[in-house]
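Student: Structure: final28.txt, compact mmCIF, C-alpha atoms.
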# COMPACT_ATOMS: atom_id res chain seq x y z
CA MET A 1 0.00 0.00 0.00
CA ILE A 2 2.84 2.39 0.85
CA ARG A 3 4.47 1.90 -2.53
CA ASP A 4 1.17 2.55 -4.33
CA ILE A 5 1.00 6.20 -3.24
CA THR A 6 2.01 8.27 -6.28
CA ILE A 7 1.20 11.78 -5.01
CA GLY A 8 4.39 13.82 -4.71
CA GLN A 9 6.40 11.50 -6.98
CA TYR A 10 7.91 12.62 -10.28
CA TYR A 11 7.95 10.36 -13.33
CA PRO A 12 10.70 11.45 -15.77
CA ALA A 13 9.71 11.37 -19.42
CA ASN A 14 10.18 13.40 -22.58
CA SER A 15 6.64 14.58 -23.26
CA VAL A 16 4.93 17.82 -24.17
CA ILE A 17 3.15 17.79 -20.80
CA HIS A 18 6.49 17.58 -18.96
CA ARG A 19 7.79 20.57 -20.95
CA LEU A 20 4.81 22.80 -20.23
CA ASP A 21 5.21 25.73 -17.87
CA PRO A 22 4.12 24.72 -14.33
CA ARG A 23 1.72 27.69 -14.23
CA VAL A 24 -0.15 26.21 -17.18
CA LYS A 25 -0.40 22.83 -15.46
CA LEU A 26 -1.57 24.42 -12.21
CA LEU A 27 -4.33 26.33 -13.99
CA GLY A 28 -5.30 23.30 -16.06
CA THR A 29 -5.53 21.09 -12.96
CA ILE A 30 -7.65 23.63 -11.10
CA VAL A 31 -10.01 24.05 -14.07
CA PHE A 32 -10.35 20.28 -14.50
CA VAL A 33 -11.00 19.68 -10.79
CA VAL A 34 -13.65 22.42 -10.65
CA THR A 35 -15.47 21.18 -13.75
CA VAL A 36 -15.40 17.56 -12.56
CA PHE A 37 -17.13 18.63 -9.34
CA PHE A 38 -20.08 19.88 -11.39
CA VAL A 39 -20.38 16.96 -13.81
CA ASN A 40 -23.99 15.73 -13.64
CA ASP A 41 -24.67 14.48 -17.17
CA LEU A 42 -23.21 12.04 -19.67
CA ILE A 43 -22.06 14.78 -22.06
CA GLY A 44 -20.04 16.51 -19.35
CA LEU A 45 -18.63 13.17 -18.24
CA ALA A 46 -17.66 12.29 -21.82
CA LEU A 47 -15.95 15.68 -22.22
CA ALA A 48 -13.96 15.26 -19.00
CA THR A 49 -13.06 11.68 -19.96
CA ALA A 50 -11.81 12.75 -23.39
CA VAL A 51 -9.68 15.53 -21.93
CA LEU A 52 -8.22 13.30 -19.22
CA ALA A 53 -7.45 10.51 -21.71
CA ALA A 54 -5.74 12.97 -24.07
CA VAL A 55 -3.56 14.42 -21.29
CA ILE A 56 -2.59 10.95 -20.04
CA SER A 57 -1.63 9.92 -23.58
CA LEU A 58 0.44 13.07 -24.12
CA SER A 59 2.19 12.75 -20.75
CA LYS A 60 3.71 9.36 -21.68
CA VAL A 61 3.17 8.20 -18.10
CA PRO A 62 1.85 4.60 -17.98
CA LEU A 63 -1.81 4.47 -17.03
CA ARG A 64 -1.12 1.54 -14.72
CA TYR A 65 1.36 3.71 -12.79
CA MET A 66 -1.27 6.44 -12.36
CA LEU A 67 -3.97 4.02 -11.25
CA LYS A 68 -1.69 2.73 -8.48
CA GLY A 69 -2.53 5.91 -6.57
CA LEU A 70 -6.18 4.86 -6.39
CA LYS A 71 -5.34 1.92 -4.11
CA ALA A 72 -4.56 4.36 -1.29
CA ILE A 73 -8.14 5.73 -1.33
CA PHE A 74 -9.91 2.47 -2.20
CA ILE A 75 -11.43 2.07 1.29
CA LEU A 76 -12.60 5.71 1.32
CA MET A 77 -14.11 5.27 -2.14
CA ILE A 78 -16.00 2.11 -1.15
CA PHE A 79 -17.27 3.76 2.04
CA THR A 80 -18.49 6.84 0.13
CA VAL A 81 -20.17 4.74 -2.56
CA LEU A 82 -21.99 2.59 0.04
CA LEU A 83 -23.25 5.66 1.88
CA ASN A 84 -24.65 7.07 -1.34
CA ILE A 85 -26.28 3.76 -2.30
CA PHE A 86 -28.05 3.14 1.00
CA LEU A 87 -28.77 6.65 2.28
CA THR A 88 -30.02 8.39 -0.86
CA PRO A 89 -33.83 8.63 -0.96
CA GLY A 90 -35.68 7.78 -4.15
CA THR A 91 -37.21 4.90 -6.08
CA GLU A 92 -36.64 1.71 -4.11
CA LEU A 93 -35.06 -1.19 -6.01
CA VAL A 94 -33.91 -3.61 -3.29
CA ARG A 95 -34.50 -3.67 0.47
CA LEU A 96 -32.02 -5.28 2.87
CA GLY A 97 -33.63 -5.10 6.29
CA PHE A 98 -33.79 -1.45 7.31
CA LEU A 99 -31.51 -0.49 4.39
CA LYS A 100 -32.74 0.08 0.87
CA ILE A 101 -31.03 0.53 -2.48
CA THR A 102 -32.56 3.23 -4.65
CA LYS A 103 -32.17 4.09 -8.29
CA GLU A 104 -31.06 7.60 -7.42
CA GLY A 105 -28.55 6.18 -4.94
CA LEU A 106 -26.92 3.99 -7.57
CA VAL A 107 -26.65 6.92 -9.99
CA LEU A 108 -25.20 9.21 -7.32
CA ALA A 109 -22.76 6.50 -6.16
CA GLY A 110 -21.52 6.01 -9.73
CA LYS A 111 -21.02 9.76 -10.23
CA THR A 112 -19.22 10.07 -6.90
CA ALA A 113 -16.85 7.19 -7.69
CA ILE A 114 -16.04 8.65 -11.12
CA ARG A 115 -15.42 12.09 -9.62
CA LEU A 116 -13.03 10.70 -7.01
CA ILE A 117 -11.12 8.72 -9.64
CA TYR A 118 -10.86 11.69 -12.00
CA LEU A 119 -9.81 14.05 -9.19
CA ILE A 120 -7.02 11.76 -8.01
CA VAL A 121 -5.76 10.93 -11.52
CA GLY A 122 -6.04 14.54 -12.69
CA SER A 123 -4.10 15.86 -9.69
CA THR A 124 -1.54 13.06 -9.93
CA ILE A 125 -0.70 13.98 -13.52
CA MET A 126 0.51 17.39 -12.37
CA THR A 127 2.90 16.00 -9.75
CA LEU A 128 4.09 13.15 -11.98
CA THR A 129 5.03 15.55 -14.80
CA THR A 130 6.40 18.43 -12.72
CA THR A 131 9.44 18.45 -10.46
CA PRO A 132 8.93 19.92 -6.96
CA ASN A 133 11.24 22.84 -7.81
CA HIS A 134 9.28 23.76 -10.94
CA LEU A 135 5.99 23.34 -9.10
CA THR A 136 7.20 25.67 -6.35
CA ASP A 137 8.42 28.27 -8.86
CA GLY A 138 5.15 28.08 -10.77
CA LEU A 139 3.01 28.49 -7.66
CA GLU A 140 5.11 31.42 -6.44
CA LYS A 141 4.99 33.09 -9.84
CA ALA A 142 1.24 32.56 -10.22
CA LEU A 143 0.53 34.02 -6.77
CA GLY A 144 3.00 36.89 -7.27
CA PRO A 145 0.31 39.64 -7.35
CA LEU A 146 -0.69 38.70 -3.79
CA LYS A 147 2.66 40.03 -2.54
CA LYS A 148 1.22 43.53 -2.86
CA ILE A 149 -1.11 42.78 0.04
CA HIS A 150 1.80 41.22 2.01
CA PHE A 151 0.64 37.64 1.49
CA PRO A 152 3.52 35.20 2.24
CA VAL A 153 3.65 33.78 -1.28
CA HIS A 154 7.23 32.52 -1.15
CA GLU A 155 6.75 30.89 2.25
CA LEU A 156 3.60 29.13 1.02
CA ALA A 157 5.37 27.84 -2.09
CA MET A 158 8.37 26.72 -0.06
CA THR A 159 6.14 24.87 2.41
CA MET A 160 4.39 23.10 -0.46
CA SER A 161 7.71 22.14 -2.03
CA ILE A 162 9.06 20.72 1.24
CA ALA A 163 5.83 18.78 1.83
CA LEU A 164 6.00 17.23 -1.65
CA ARG A 165 9.64 16.30 -1.16
CA PHE A 166 8.93 14.69 2.20
CA ILE A 167 6.07 12.48 0.94
CA PRO A 168 8.27 9.91 -0.87
CA ILE A 169 10.91 10.12 1.88
CA LEU A 170 8.39 9.37 4.62
CA MET A 171 6.82 6.58 2.54
CA GLU A 172 10.23 4.95 2.17
CA GLU A 173 10.89 5.40 5.88
CA THR A 174 7.51 3.84 6.72
CA ASP A 175 8.26 0.86 4.48
CA LYS A 176 11.61 0.31 6.21
CA ILE A 177 10.04 0.50 9.67
CA MET A 178 7.28 -1.95 8.72
CA LYS A 179 9.79 -4.44 7.34
CA ALA A 180 11.92 -4.10 10.48
CA GLN A 181 8.88 -4.71 12.70
CA GLN A 182 7.75 -7.69 10.59
CA ALA A 183 11.25 -9.16 10.93
CA ARG A 184 10.61 -9.04 14.69
CA CYS A 185 7.36 -11.02 14.18
CA ALA A 186 5.05 -8.01 14.24
CA ASP A 187 1.60 -8.73 12.77
CA PHE A 188 -0.30 -5.88 11.08
CA GLU A 189 -2.99 -7.92 9.30
CA SER A 190 -4.75 -10.14 11.85
CA GLY A 191 -7.18 -9.09 14.56
CA ASN A 192 -10.10 -6.69 14.67
CA LEU A 193 -10.00 -3.00 13.85
CA ILE A 194 -8.89 -1.92 17.33
CA GLN A 195 -6.10 -4.51 17.43
CA ARG A 196 -4.87 -3.39 14.00
CA MET A 197 -4.84 0.23 15.13
CA LYS A 198 -2.81 -0.74 18.21
CA SER A 199 -0.35 -2.64 16.02
CA LEU A 200 0.40 0.60 14.14
CA ILE A 201 1.83 2.29 17.25
CA PRO A 202 5.30 0.67 16.79
CA ILE A 203 5.29 2.20 13.30
CA LEU A 204 3.92 5.66 14.07
CA VAL A 205 6.21 6.43 17.01
CA PRO A 206 9.57 5.93 15.20
CA LEU A 207 8.10 7.51 12.05
CA PHE A 208 7.07 10.60 14.04
CA ILE A 209 10.52 10.82 15.64
CA SER A 210 12.21 10.41 12.24
CA ALA A 211 10.05 13.16 10.71
CA ILE A 212 10.95 15.59 13.52
CA ARG A 213 14.64 14.74 13.15
CA ARG A 214 14.53 15.29 9.39
CA ALA A 215 12.67 18.59 9.82
CA ASN A 216 15.26 19.76 12.35
CA ASP A 217 18.13 18.79 10.03
CA LEU A 218 16.47 20.63 7.15
CA ALA A 219 15.97 23.77 9.27
CA MET A 220 19.62 23.73 10.34
CA ALA A 221 20.76 23.25 6.73
CA MET A 222 18.64 26.21 5.58
CA GLU A 223 19.99 28.41 8.37
CA ALA A 224 23.56 27.36 7.56
CA ARG A 225 22.97 28.57 3.99
CA CYS A 226 21.66 31.92 5.27
CA TYR A 227 18.09 31.36 4.12
CA HIS A 228 15.88 34.27 5.26
CA GLY A 229 12.83 34.07 3.03
CA GLY A 230 12.12 35.12 -0.53
CA ALA A 231 13.01 38.81 -0.41
CA GLY A 232 15.64 39.60 -3.04
CA ARG A 233 16.03 35.99 -4.19
CA THR A 234 16.57 35.25 -7.88
CA LYS A 235 16.03 32.12 -9.96
CA MET A 236 18.74 30.18 -11.78
CA LYS A 237 16.12 29.12 -14.35
CA PRO A 238 13.39 31.79 -14.51
CA LEU A 239 10.04 30.73 -15.93
CA ILE A 240 9.45 32.00 -19.45
CA TYR A 241 6.39 31.16 -21.53
CA ALA A 242 6.94 29.33 -24.82
CA GLY A 243 4.61 28.91 -27.79
CA ARG A 244 3.33 25.56 -26.50
CA ASP A 245 2.28 27.25 -23.24
CA TYR A 246 0.10 29.81 -25.03
CA LEU A 247 -1.37 26.97 -27.10
CA ALA A 248 -2.15 25.08 -23.89
CA TYR A 249 -3.85 28.17 -22.45
CA GLY A 250 -5.96 28.32 -25.60
CA ILE A 251 -6.95 24.66 -25.23
CA ILE A 252 -7.93 25.26 -21.60
CA LEU A 253 -10.06 28.23 -22.66
CA ILE A 254 -11.77 26.16 -25.38
CA TYR A 255 -12.46 23.39 -22.84
CA VAL A 256 -14.04 25.89 -20.44
CA LEU A 257 -16.18 27.43 -23.20
CA ILE A 258 -17.39 24.01 -24.36
CA TRP A 259 -18.14 22.98 -20.78
CA VAL A 260 -20.11 26.21 -20.13
CA ALA A 261 -22.00 25.78 -23.41
CA VAL A 262 -22.92 22.20 -22.47
CA LYS A 263 -24.14 23.29 -19.02
CA LEU A 264 -26.25 26.11 -20.49
CA TRP A 265 -27.61 23.93 -23.27
CA LEU A 266 -28.68 21.20 -20.87
In structure tokens, what does this structure look like?

Tutor:
Amino acid sequence: MIRDITIGQYYPANSVIHRLDPRVKLLGTIVFVVTVFFVNDLIGLALATAVLAAVISLSKVPLRYMLKGLKAIFILMIFTVLLNIFLTPGTELVRLGFLKITKEGLVLAGKTAIRLIYLIVGSTIMTLTTTPNHLTDGLEKALGPLKKIHFPVHELAMTMSIALRFIPILMEETDKIMKAQQARCADFESGNLIQRMKSLIPILVPLFISAIRRANDLAMAMEARCYHGGAGRTKMKPLIYAGRDYLAYGIILIYVLIWVAVKLWL
């Protein structure tokens, strides 16, 4: 399960999606996530599916690698789908004791599952095709106008970058701790829910200590390099828009216009 988490990982490849400016990918991800939240019809779903399939194909990232990230939220997805099936009022199809399955519940459960899958895959594409440094630079550049109202843009971008960098490190550390505990005959699979939660304590305690130690080492390294925030800092590779970035902005605009037209037409 630990190895199946793909958020925060970068997949190197030579694709047009990898070469896009991170600001374009940030905007595209936000637009896609917002539109997916409001998908209620087959036409909107088909449009979102076509866009997502095209981006996955252009990214040259294996679909199987992207779908690995869904295993981490599989339990949450099943729980959400079951709640929608049994607790949504409407036309009754099947009754199981005091629970009933309705037609509206099945439709809502299907839409919810599709939304969760598209949200995870759509967000994962951005992190898989963008290095943490580029993602940080893009976020800081995109939020640059907020500096006029003294919003800590650089600090926010730096925090996001550090969090993304720590995700794969902590996953690797968790995997090592679990293997070390299993070598000492620790059992994480058997027992009821409470017993399984108790069995995680030998993992969480050393993981928490390791995270604090790594954070302290990082803070000391930043202080040793005289880091004092973003004031006056320059970039070795400043972000400059290319022709493909303007083309991508145009495609995003066309997608939004088509989506709005579909919503108004229906």

Student: Go through A:Leu26, A:Val121, A:Val39, A:Val31 and flag the residue nearest Lys263 (chain A), using all atoms listed in the file for the distances.

Tutor: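 Of the candidates, the smallest distance to Lys263 (chain A) is held by A:Val39.
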
Student: Every residue with an atom at most 12 Å from (-0.4, 30.0, -10.7) (file coordinates; only C-alpha atoms) is what I'm after, so could you write them as a PyMOL selection string?

Tutor: chain A and resi 21-31+134-146+153+157+239

Student: Nearest residue to Ser210 (chain A) out of A:Val34, A:Thr174, A:Thr88, A:Ala113, using all atoms listed in the file?

Tutor: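 Using all atoms listed in the file, the shortest distance to Ser210 (chain A) belongs to A:Thr174.
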
Student: I'd like to know which of A:Met222, A:Phe37, A:Val61, A:Ile56 is closest to Asn14 (chain A), using all atoms listed in the file.

Tutor: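 Counting all atoms listed in the file, the residue closest to Asn14 (chain A) is A:Val61.
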
Student: At what distance in Å, to one decimal, does CA of Val81 (chain A) lie from CA of Leu106 (chain A)?

Tutor: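 Answer for the CA of Leu106 (chain A) to CA of Val81 (chain A) separation: 8.4 Å.
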
Student: So what do you get for CA of Val107 (chain A) versus CA of Ala46 (chain A), distance-wise?

Tutor: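 Interatomic distance here is 15.8 Å.
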
Student: Report, in Å to a single decimal, how far apart CA of Ile73 (chain A) and CA of Lys198 (chain A) are.

Tutor: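 Those two atoms sit 21.3 Å apart.
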
Student: Report the centre and edge lengths, in Å to one decimal, of an axis-aligned box enclosing every atom of region 117-126 of chain A listed in the file, padded by 8 Å on each side, as lines of an AutoDock Vina configuration file.

Tutor:
center_x = -5.3
center_y = 13.1
center_z = -10.8
size_x = 27.6
size_y = 24.7
size_z = 21.5

Student: Quick one: residues within 12 Å of Ala211 (chain A), all atoms listed in the file counted, chain neighbours fewer than 2 positions away excluded, as a list in words?

Tutor: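 Neighbouring residues, sequence-local ones excluded: Ala163, Phe166, Ile167, Ile169, Leu170, Met171, Glu172, Glu173, Thr174, Leu204, Val205, Pro206, Leu207, Phe208, Ile209, Arg213, Arg214, Ala215, Asn216, Asp217 and Leu218 of chain A.
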
Student: Nearest residue to Pro132 (chain A) out of A:Val256, A:Tyr10, A:Leu76, A:Gln181, using only C-alpha atoms?

Tutor: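 Answer, going by the shortest atom-to-atom distance: A:Tyr10.
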
Student: May I have the residues within 12 Å of Ala261 (chain A) as a PyMOL selection string, using all atoms listed in the file and disregarding those fewer than 4 positions away in the same chain?

Tutor: chain A and resi 43-44+47+254-257+265-266
